[in-house]
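Student: Supplied in structure tokens, the structure appears directly below.
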Amino acid sequence: MSAAAAAQFAQRWLPAWTGNDPERLAAFYSEDALYVDPGIPAGARGKAELLAYFRKLLAHNPQWVWTQLEAIPLEGGFLNKWLAKIPVGAKTLEVVGVCLVQLDAAGKIRRNEVYFDRTELLAQIGRHKSQAKA
């Protein structure tokens, strides 16, 4: 996949991560997709598991916004370097990470592995929960 094709795909796909619409997001994935991120390192396999995870994840993060910083072409897909703006309470964190995106013959994501350092995110979530209890 070329960098230009990856950028075009990301322009359609990444906005689906915002707005708590897990069905819209899941539509980008194949029926047998594998999805991995730091929250589920063993991964979600297949559309049913993926949709269950996306429902939970997006419900907790309806206002986050994902944008592509760079696409690095790979055979059958691309490495997506991204920026996520993640609101946690009154603060919005800017997190940079990468994910592997491999597509099937129909152009659906068959494998998506997400990697980033979530130390600051978890710390901010902890602070926000502590303040909410006080």
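Chains: A, B, ... in order of the structure tokens. Residues: from 1 per chain. Ligands: from 1, in order shown.
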List every residue of segment 11-69 of chain A that DSSP, applied to the backbone of this structure, places in strand (DSSP E), and write the result as a list in words.

Tutor: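 DSSP-assigned strand (DSSP E) residues in segment 11-69 of chain A: Tyr29, Ser30, Glu31, Asp32, Ala33, Leu34, Tyr35, Val36, Asp37, Ile40, Pro41, Ala42, Gly43, Ala44, Arg45, Val65, Trp66, Thr67, Gln68 and Leu69 of chain A.
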
Student: Write out as a PyMOL selection string the residues lying within 12 Å of Asp32 of chain A, counting only C-alpha atoms and excluding same-chain residues fewer than 5 positions away.

Tutor: chain A and resi 26+44-51+103-104+108-112

Student: I'd like the contact shell of Trp82 of chain A - 7 Å cut-off, only C-alpha atoms, skipping same-chain residues fewer than 2 positions apart - returned as a VMD selection string.

Tutor: chain A and resid 66 to 70 80 84 96 to 98

Student: If you keep C-alpha atoms, can you produce a file of those selected residues as a PDB file, in the first residue's frame?

Tutor:
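File written: selection_8.pdb
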ATOM      1  CA  TRP A  66      -7.342  10.554  16.275  1.00  0.00           C
ATOM      2  CA  THR A  67      -5.294  11.917  13.383  1.00  0.00           C
ATOM      3  CA  GLN A  68      -2.591  10.422  11.242  1.00  0.00           C
ATOM      4  CA  LEU A  69       0.865  11.952  11.510  1.00  0.00           C
ATOM      5  CA  GLU A  70       2.551   9.640   9.014  1.00  0.00           C
ATOM      6  CA  ASN A  80       0.161   4.340  11.067  1.00  0.00           C
ATOM      7  CA  ALA A  84      -4.690  11.037  19.791  1.00  0.00           C
ATOM      8  CA  VAL A  96       1.567   9.778  19.979  1.00  0.00           C
ATOM      9  CA  GLY A  97       1.737   6.126  19.020  1.00  0.00           C
ATOM     10  CA  VAL A  98       1.847   3.706  16.143  1.00  0.00           C
TER      11      VAL A  98
END

Student: I'd like to know which of A:Ser30, A:Gln102, A:Gln131, A:Asn61 is closest to Phe9 of chain A, using only C-alpha atoms.

Tutor: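 Comparing A:Ser30, A:Gln102, A:Gln131, A:Asn61 against Phe9 of chain A, the winner is A:Gln102.
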
Student: Just the residues within 9 Å of Trp13 of chain A, please, counting only C-alpha atoms, with nothing from its chain fewer than 5 positions along; format it as a CSV table (one decimal) with N, CA, C and O atoms, in the first residue's frame.

Tutor:
chain,number,residue,atom,x,y,z
A,8,GLN,N,-5.4,8.2,2.6
A,8,GLN,CA,-6.8,8.2,2.2
A,8,GLN,C,-7.6,7.3,3.1
A,8,GLN,O,-8.7,7.7,3.5
A,25,LEU,N,-17.3,2.1,13.5
A,25,LEU,CA,-15.9,1.8,13.6
A,25,LEU,C,-15.7,0.3,13.2
A,25,LEU,O,-14.8,0.0,12.4
A,28,PHE,N,-15.1,-1.0,9.5
A,28,PHE,CA,-13.8,-1.0,8.8
A,28,PHE,C,-13.1,-2.3,9.0
A,28,PHE,O,-12.0,-2.5,8.3

Student: Check the smallest atom-to-atom distance from each of A:His128, A:Ala59, A:Asp37, A:Tyr53 to Cys99 of chain A using only C-alpha atoms, then report the winner.

Tutor: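 The shortest atom-to-atom distance to Cys99 of chain A comes from A:Asp37.
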
Student: My list of candidates is A:Ala7, A:Ile40, A:Leu14, A:Ala132. Which is closest to Trp64 of chain A when distances are computed with only C-alpha atoms?

Tutor: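 Closest residue, counting only C-alpha atoms: A:Leu14.
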